[in-house]
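Asker: The structure follows.
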Amino acid sequence: MLEHIKKISSLEYRIETDAAIGMNVPVRVFANDDLLKKMINDRTIEQAVNVAMLPGVQKNVVVLPDGHQGYGFPVGGVAAMDYYEGIISPGSVGYDINCGVRLVRTNLTEAQVRPRLEALVAELFATIPAGMSKKEGCIDLSSSELDEVLVRGVPWLADHNYATKDDIRMCEEGGHMEGADPHAVSDVARRRAMPQLGSIGSGNHFLEIQKVDKIYDLEAAKLMGLEEGLVTILIHCGSRGFGHQICKDYLVVCEHSHQKYGIELPDRQLACVPNLSEEGESYKKAMRAAMNYSWCNRQAITHWTRRSFELVFGKSESDLDMKLVYDIAHNSAKVETHRIEGRERKVTVHRKGATRAFPAGSAEIPEKYRRIGQPTFIPGSMGSASWVLLGMSSSLELTFGSTVHGAGRLMSRTAAHKAYNYKQVVEDLQQKGIHLRSTTRYDVVEEAPQVYKDVDIVAEISHRLGIATKVARLVPIGVMKG
DNA sequence: ATGTTC
């Protein structure tokens with residue numbers, strides 16, 4: 001493998017198409033030497049080469065600087081499949097369908113929040129459900145209401161006073177994916193969805209009170225309502241047990257359909273079906289239902305976050321100017337048109353651990369941001385920074401209009417427990433002035449800042465590649481974990 | 001990520 005990796009520049013590597021092993025296209029890896037080494041040490045590069053063998057894959061497979069090994073398809077990977085002749089692959093979207101990040105701004109300063117930080121985190125912790133399999137405190141949905149959430153997304157929540165019109169505008173896709181159909185969703189998935197709407201979950205998911213540490217793009221930051229010293233809230237979570245169950249259900253469907261469609265794969269985890277097959281259409285209907293569920297999940301959490309701030313600071317949401325800056329997801333498959341070998345081609349872009357990062361002028365960007373580019377977010381992990389970036393034109397040429405979604409894991413969960421303990425991690429955070437509350441001790445160790453790569457370097461590489469440029473660096477002051 | 005290994 002190693003001898004096939006060719007260095008193109010200080011930030012790019014390439015593996016040429018090897019037809020003998022079944023590759024259809026090359027692999028482009030955007031990383032520095034250090035990040036590449038880590039991708040070789042786990043199965044990241046090997047998995048990207050496997051993806052390059054999938055039917056209908058176009059142009060090249062992309063590995064982003066935060067790439068690491070995933071289920072079949074690398075996290076931090078992008079692959080575009082021909083809409084007509086290509087496949088759709090649940091494992092290439094990921095188990096946590098439409099997992100994503102949203103940023104809420106406030107007009108509070110760090111100095112105003114610090115004295116009430118513990119009370120604020122306690123109030124958020126008491127109000128917003130978090131942790132594995134949490135059921136209490138979520139939005140109580142009847143079966144028909146669940147259908148509304150799955151079909152309509154955030155606009156349904158707006159009808160029930162959980163979202164403003166502005167929230168809808170500032171959410172990717174307006175918080176609503178066309179083509180969702182609850183009939184494509186199993187009863188098991190429905191049962192998991194009903195009691196979980198409005199919950200953070202566990203693992204690397206969190207809600208964070210932050211301050212804006214540094215601004216890099218004054219004009220963009222101003223438009224987003226971000227100024228150095230102001231307090232923001234970052235919410236990172238996904239579609240909970242619902243998306244997980246849908247992925248699981250359709251991986252089985254795909255495996256059972258391989259013979260029927262004559263699909264042979266280098267890795268069973270890349271189970272897939274033709275995009276326009278009956279099974280492919282069903283998966284997309286269910287996946288889009290999970291996308292709507294995921295946006296609603298983050299919206300419900302936003303609603304309760306605003307209520308908690310109102311209670312603790314004795315001011316209204318509008319007095320605190322708690323506007324949604326933007327919401328963007330990083331696990332999805334979307335139909336897009338990209339210029340490939342000199343012509344426009346309709347493709348299904350699988351982004352797993354990768355966000356859209358469309359340049360200024362794109363119709364998919366809310367009108368407010370259209371002249372500057374698509375806002376994207378990199379969530380950090382507890383002690384580390386998070387980043388606000390802005391999609392740029394190089395993204396269309398290099399990464400199918402995509403950029404990074406996180407720092408990427410450095411060590412396994414098991415390795416984290418061997419290297420660190422809970423007390424030590426919490427003390428480290430306290431020293432940095434970060435107040436933490438969590439439902440379990442396990443996640444705190446497994447998600448310690450030290451177990452991730454350096455998020456600042458990942459943001460810097462995105463910036464230097466010109467796929468998404470730096471707008472603001474955010475640092476945590478209060479963290480709520482699952 | 002995840003009713004933390006159907």
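In the structure tokens, the first chain shown is A, the next is B, and so on; residue numbers restart at 1 for each chain, and ligands run from 1 in the order shown.
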Going by DSSP on the backbone, which bits of segment 287-365 of chain A are strand (DSSP E)? Write them as a ChimeraX atom specification, please.
Answerer: /A:324-329,331-340,343-352,355-356
Asker: From a backbone DSSP assignment, name each residue in segment 313-438 of chain A labelled helix (DSSP H, G or I), as a ChimeraX atom specification.
Answerer: /A:313,367-369,394-399,413-419,422-431
Asker: Generate a file of the selected residues that holds C-alpha atoms, formatted as a short mmCIF file (atom, residue, chain, number, x, y, z; two decimals), in the first residue's frame.
Answerer:
```
data_model
loop_
_atom_site.label_atom_id
_atom_site.label_comp_id
_atom_site.auth_asym_id
_atom_site.auth_seq_id
_atom_site.Cartn_x
_atom_site.Cartn_y
_atom_site.Cartn_z
CA PHE A 313 -30.40 35.42 33.28
CA GLU A 367 -29.84 34.31 1.49
CA LYS A 368 -28.21 35.96 4.51
CA TYR A 369 -24.90 34.17 3.85
CA SER A 394 -11.75 25.35 -4.21
CA SER A 395 -14.08 22.93 -2.47
CA LEU A 396 -15.98 22.28 -5.71
CA GLU A 397 -12.78 21.41 -7.55
CA LEU A 398 -11.09 19.43 -4.76
CA THR A 399 -13.70 17.85 -2.48
CA ARG A 413 -11.78 4.22 23.53
CA THR A 414 -9.96 1.34 25.20
CA ALA A 415 -6.62 3.10 24.80
CA ALA A 416 -8.14 6.26 26.32
CA HIS A 417 -9.06 4.36 29.51
CA LYS A 418 -5.54 3.00 29.78
CA ALA A 419 -3.96 6.43 29.33
CA TYR A 422 -11.89 10.69 34.97
CA LYS A 423 -10.50 12.71 37.88
CA GLN A 424 -7.46 13.76 35.92
CA VAL A 425 -9.48 14.87 32.88
CA VAL A 426 -11.93 16.90 35.00
CA GLU A 427 -9.08 18.56 36.92
CA ASP A 428 -7.36 19.47 33.66
CA LEU A 429 -10.58 21.10 32.46
CA GLN A 430 -11.07 22.96 35.76
CA GLN A 431 -7.58 24.39 35.47
#
```
Asker: I need the contact residues of chain B against chain A, so if you could list those with any atom within 8 Å, counting only C-alpha atoms (C1' of nucleotides), and return them as a PDB file with all heavy atoms, in the first residue's frame, that would help.
Answerer:
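Ended up saving to selection-v4.pdb:
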```pdb
ATOM      1  P    DA B   1     -19.057   9.746  18.998  1.00  0.00           P
ATOM      2  OP1  DA B   1     -19.195  10.625  20.034  1.00  0.00           O
ATOM      3  OP2  DA B   1     -18.047   9.412  18.107  1.00  0.00           O
ATOM      4  O5'  DA B   1     -20.328   8.789  18.878  1.00  0.00           O
ATOM      5  C5'  DA B   1     -21.591   9.364  18.983  1.00  0.00           C
ATOM      6  C4'  DA B   1     -22.542   8.682  18.054  1.00  0.00           C
ATOM      7  O4'  DA B   1     -21.803   7.831  17.186  1.00  0.00           O
ATOM      8  C3'  DA B   1     -23.574   7.789  18.787  1.00  0.00           C
ATOM      9  O3'  DA B   1     -24.776   8.534  18.890  1.00  0.00           O
ATOM     10  C2'  DA B   1     -23.783   6.624  17.836  1.00  0.00           C
ATOM     11  C1'  DA B   1     -22.498   6.621  16.986  1.00  0.00           C
ATOM     12  N9   DA B   1     -21.610   5.522  17.363  1.00  0.00           N
ATOM     13  C8   DA B   1     -20.510   5.548  18.166  1.00  0.00           C
ATOM     14  N7   DA B   1     -19.927   4.382  18.293  1.00  0.00           N
ATOM     15  C5   DA B   1     -20.718   3.527  17.524  1.00  0.00           C
ATOM     16  C6   DA B   1     -20.648   2.153  17.246  1.00  0.00           C
ATOM     17  N6   DA B   1     -19.688   1.359  17.719  1.00  0.00           N
ATOM     18  N1   DA B   1     -21.613   1.632  16.448  1.00  0.00           N
ATOM     19  C2   DA B   1     -22.570   2.434  15.972  1.00  0.00           C
ATOM     20  N3   DA B   1     -22.734   3.729  16.164  1.00  0.00           N
ATOM     21  C4   DA B   1     -21.764   4.220  16.955  1.00  0.00           C
ATOM     22  P    DT B   2     -25.749   8.335  20.067  1.00  0.00           P
ATOM     23  OP1  DT B   2     -26.990   9.067  19.787  1.00  0.00           O
ATOM     24  OP2  DT B   2     -25.025   8.573  21.302  1.00  0.00           O
ATOM     25  O5'  DT B   2     -26.025   6.767  19.941  1.00  0.00           O
ATOM     26  C5'  DT B   2     -26.791   6.225  18.884  1.00  0.00           C
ATOM     27  C4'  DT B   2     -26.999   4.777  19.232  1.00  0.00           C
ATOM     28  O4'  DT B   2     -25.910   3.990  18.717  1.00  0.00           O
ATOM     29  C3'  DT B   2     -26.935   4.524  20.739  1.00  0.00           C
ATOM     30  O3'  DT B   2     -28.107   4.966  21.383  1.00  0.00           O
ATOM     31  C2'  DT B   2     -26.651   3.026  20.738  1.00  0.00           C
ATOM     32  C1'  DT B   2     -25.668   2.889  19.567  1.00  0.00           C
ATOM     33  N1   DT B   2     -24.237   2.913  20.010  1.00  0.00           N
ATOM     34  C2   DT B   2     -23.455   1.816  19.759  1.00  0.00           C
ATOM     35  O2   DT B   2     -23.878   0.834  19.179  1.00  0.00           O
ATOM     36  N3   DT B   2     -22.177   1.906  20.215  1.00  0.00           N
ATOM     37  C4   DT B   2     -21.615   2.973  20.893  1.00  0.00           C
ATOM     38  O4   DT B   2     -20.459   2.928  21.250  1.00  0.00           O
ATOM     39  C5   DT B   2     -22.485   4.097  21.122  1.00  0.00           C
ATOM     40  C7   DT B   2     -21.950   5.299  21.846  1.00  0.00           C
ATOM     41  C6   DT B   2     -23.739   4.016  20.671  1.00  0.00           C
ATOM     42  P    DG B   3     -29.509   4.007  21.343  1.00  0.00           P
ATOM     43  OP1  DG B   3     -29.496   3.096  20.220  1.00  0.00           O
ATOM     44  OP2  DG B   3     -30.433   5.027  21.532  1.00  0.00           O
ATOM     45  O5'  DG B   3     -29.453   3.207  22.729  1.00  0.00           O
ATOM     46  C5'  DG B   3     -28.878   1.978  22.791  1.00  0.00           C
ATOM     47  C4'  DG B   3     -29.600   1.221  23.874  1.00  0.00           C
ATOM     48  O4'  DG B   3     -31.006   1.204  23.631  1.00  0.00           O
ATOM     49  C3'  DG B   3     -29.235  -0.268  23.849  1.00  0.00           C
ATOM     50  O3'  DG B   3     -28.041  -0.417  24.610  1.00  0.00           O
ATOM     51  C2'  DG B   3     -30.418  -0.893  24.548  1.00  0.00           C
ATOM     52  C1'  DG B   3     -31.581   0.039  24.192  1.00  0.00           C
ATOM     53  N9   DG B   3     -32.563  -0.540  23.261  1.00  0.00           N
ATOM     54  C8   DG B   3     -33.897  -0.753  23.526  1.00  0.00           C
ATOM     55  N7   DG B   3     -34.561  -1.266  22.513  1.00  0.00           N
ATOM     56  C5   DG B   3     -33.613  -1.413  21.536  1.00  0.00           C
ATOM     57  C6   DG B   3     -33.726  -1.922  20.215  1.00  0.00           C
ATOM     58  O6   DG B   3     -34.737  -2.346  19.637  1.00  0.00           O
ATOM     59  N1   DG B   3     -32.504  -1.897  19.537  1.00  0.00           N
ATOM     60  C2   DG B   3     -31.335  -1.449  20.075  1.00  0.00           C
ATOM     61  N2   DG B   3     -30.265  -1.516  19.279  1.00  0.00           N
ATOM     62  N3   DG B   3     -31.204  -0.960  21.299  1.00  0.00           N
ATOM     63  C4   DG B   3     -32.373  -0.976  21.965  1.00  0.00           C
ATOM     64  P    DT B   4     -27.016  -1.616  24.406  1.00  0.00           P
ATOM     65  OP1  DT B   4     -27.235  -2.288  23.104  1.00  0.00           O
ATOM     66  OP2  DT B   4     -27.044  -2.360  25.651  1.00  0.00           O
ATOM     67  O5'  DT B   4     -25.605  -0.844  24.338  1.00  0.00           O
ATOM     68  C5'  DT B   4     -24.744  -0.968  23.198  1.00  0.00           C
ATOM     69  C4'  DT B   4     -23.353  -0.491  23.578  1.00  0.00           C
ATOM     70  O4'  DT B   4     -23.471   0.874  24.032  1.00  0.00           O
ATOM     71  C3'  DT B   4     -22.781  -1.227  24.809  1.00  0.00           C
ATOM     72  O3'  DT B   4     -22.156  -2.428  24.446  1.00  0.00           O
ATOM     73  C2'  DT B   4     -21.850  -0.181  25.411  1.00  0.00           C
ATOM     74  C1'  DT B   4     -22.564   1.123  25.090  1.00  0.00           C
ATOM     75  N1   DT B   4     -23.298   1.713  26.260  1.00  0.00           N
ATOM     76  C2   DT B   4     -22.645   2.703  26.964  1.00  0.00           C
ATOM     77  O2   DT B   4     -21.523   3.081  26.703  1.00  0.00           O
ATOM     78  N3   DT B   4     -23.372   3.224  28.006  1.00  0.00           N
ATOM     79  C4   DT B   4     -24.658   2.854  28.398  1.00  0.00           C
ATOM     80  O4   DT B   4     -25.202   3.412  29.353  1.00  0.00           O
ATOM     81  C5   DT B   4     -25.267   1.801  27.608  1.00  0.00           C
ATOM     82  C7   DT B   4     -26.661   1.337  27.973  1.00  0.00           C
ATOM     83  C6   DT B   4     -24.572   1.287  26.590  1.00  0.00           C
TER      84       DT B   4
END
```
Asker: Rounded to one decimal, what separation in Å do you get between atom CA of Gln299 of chain A and atom CA of Gly401 of chain A?
Answerer: 25.2 Å
Asker: Just the residues within 10 Å of Ser277 of chain A, please, counting only C-alpha atoms (C1' of nucleotides), with nothing from its chain fewer than 2 positions along; format it as a list in words.
Answerer: Tyr84, Ile87, Ile88, Tyr261, Val273, Pro274, Asn275, Glu279, Gly280, Glu281, Ser282 and Tyr283 of chain A
Asker: Atom CA of Ser402 of chain A to atom CA of Val335 of chain A: how many Å, to one decimal?
Answerer: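 Rounded to one decimal, the two atoms are 13.8 Å apart.
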Asker: Extract, using only C-alpha atoms (C1' of nucleotides), all DNA, RNA and protein residues at most 10 Å from segment 160-163 of chain A, discarding same-chain residues fewer than 6 positions from it, and format them as a list in words.
Answerer: Val154, Cys296, Gln299, Ala300, Ile301, Thr302, His303 and Trp304 of chain A
Asker: Write to file, as a compact mmCIF listing (two decimals), in the first residue's frame, the residues of the selection just made, with C-alpha atoms.
Answerer:
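What follows is the written file result-v4.txt:
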```txt
# COMPACT_ATOMS: atom_id res chain seq x y z
CA VAL A 154 -38.27 21.68 11.54
CA CYS A 296 -35.70 18.44 14.81
CA GLN A 299 -34.00 22.27 17.21
CA ALA A 300 -35.78 20.92 20.31
CA ILE A 301 -32.51 21.15 22.23
CA THR A 302 -32.13 24.74 21.00
CA HIS A 303 -35.61 25.57 22.28
CA TRP A 304 -34.83 24.27 25.79
```
Asker: Enter the distance from atom CA of Arg191 of chain A to atom CA of His176 of chain A, in Å, rounded to one decimal.
Answerer: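 Interatomic distance here is 21.6 Å.
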Asker: In terms of the shortest atom-to-atom distance over only C-alpha atoms, which of A:Gln210, A:Ser381, A:Thr355, A:Asn41 is closest to Val444 of chain A?
Answerer: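 Looking only at the distances to Val444 of chain A, the closest residue turns out to be A:Ser381.
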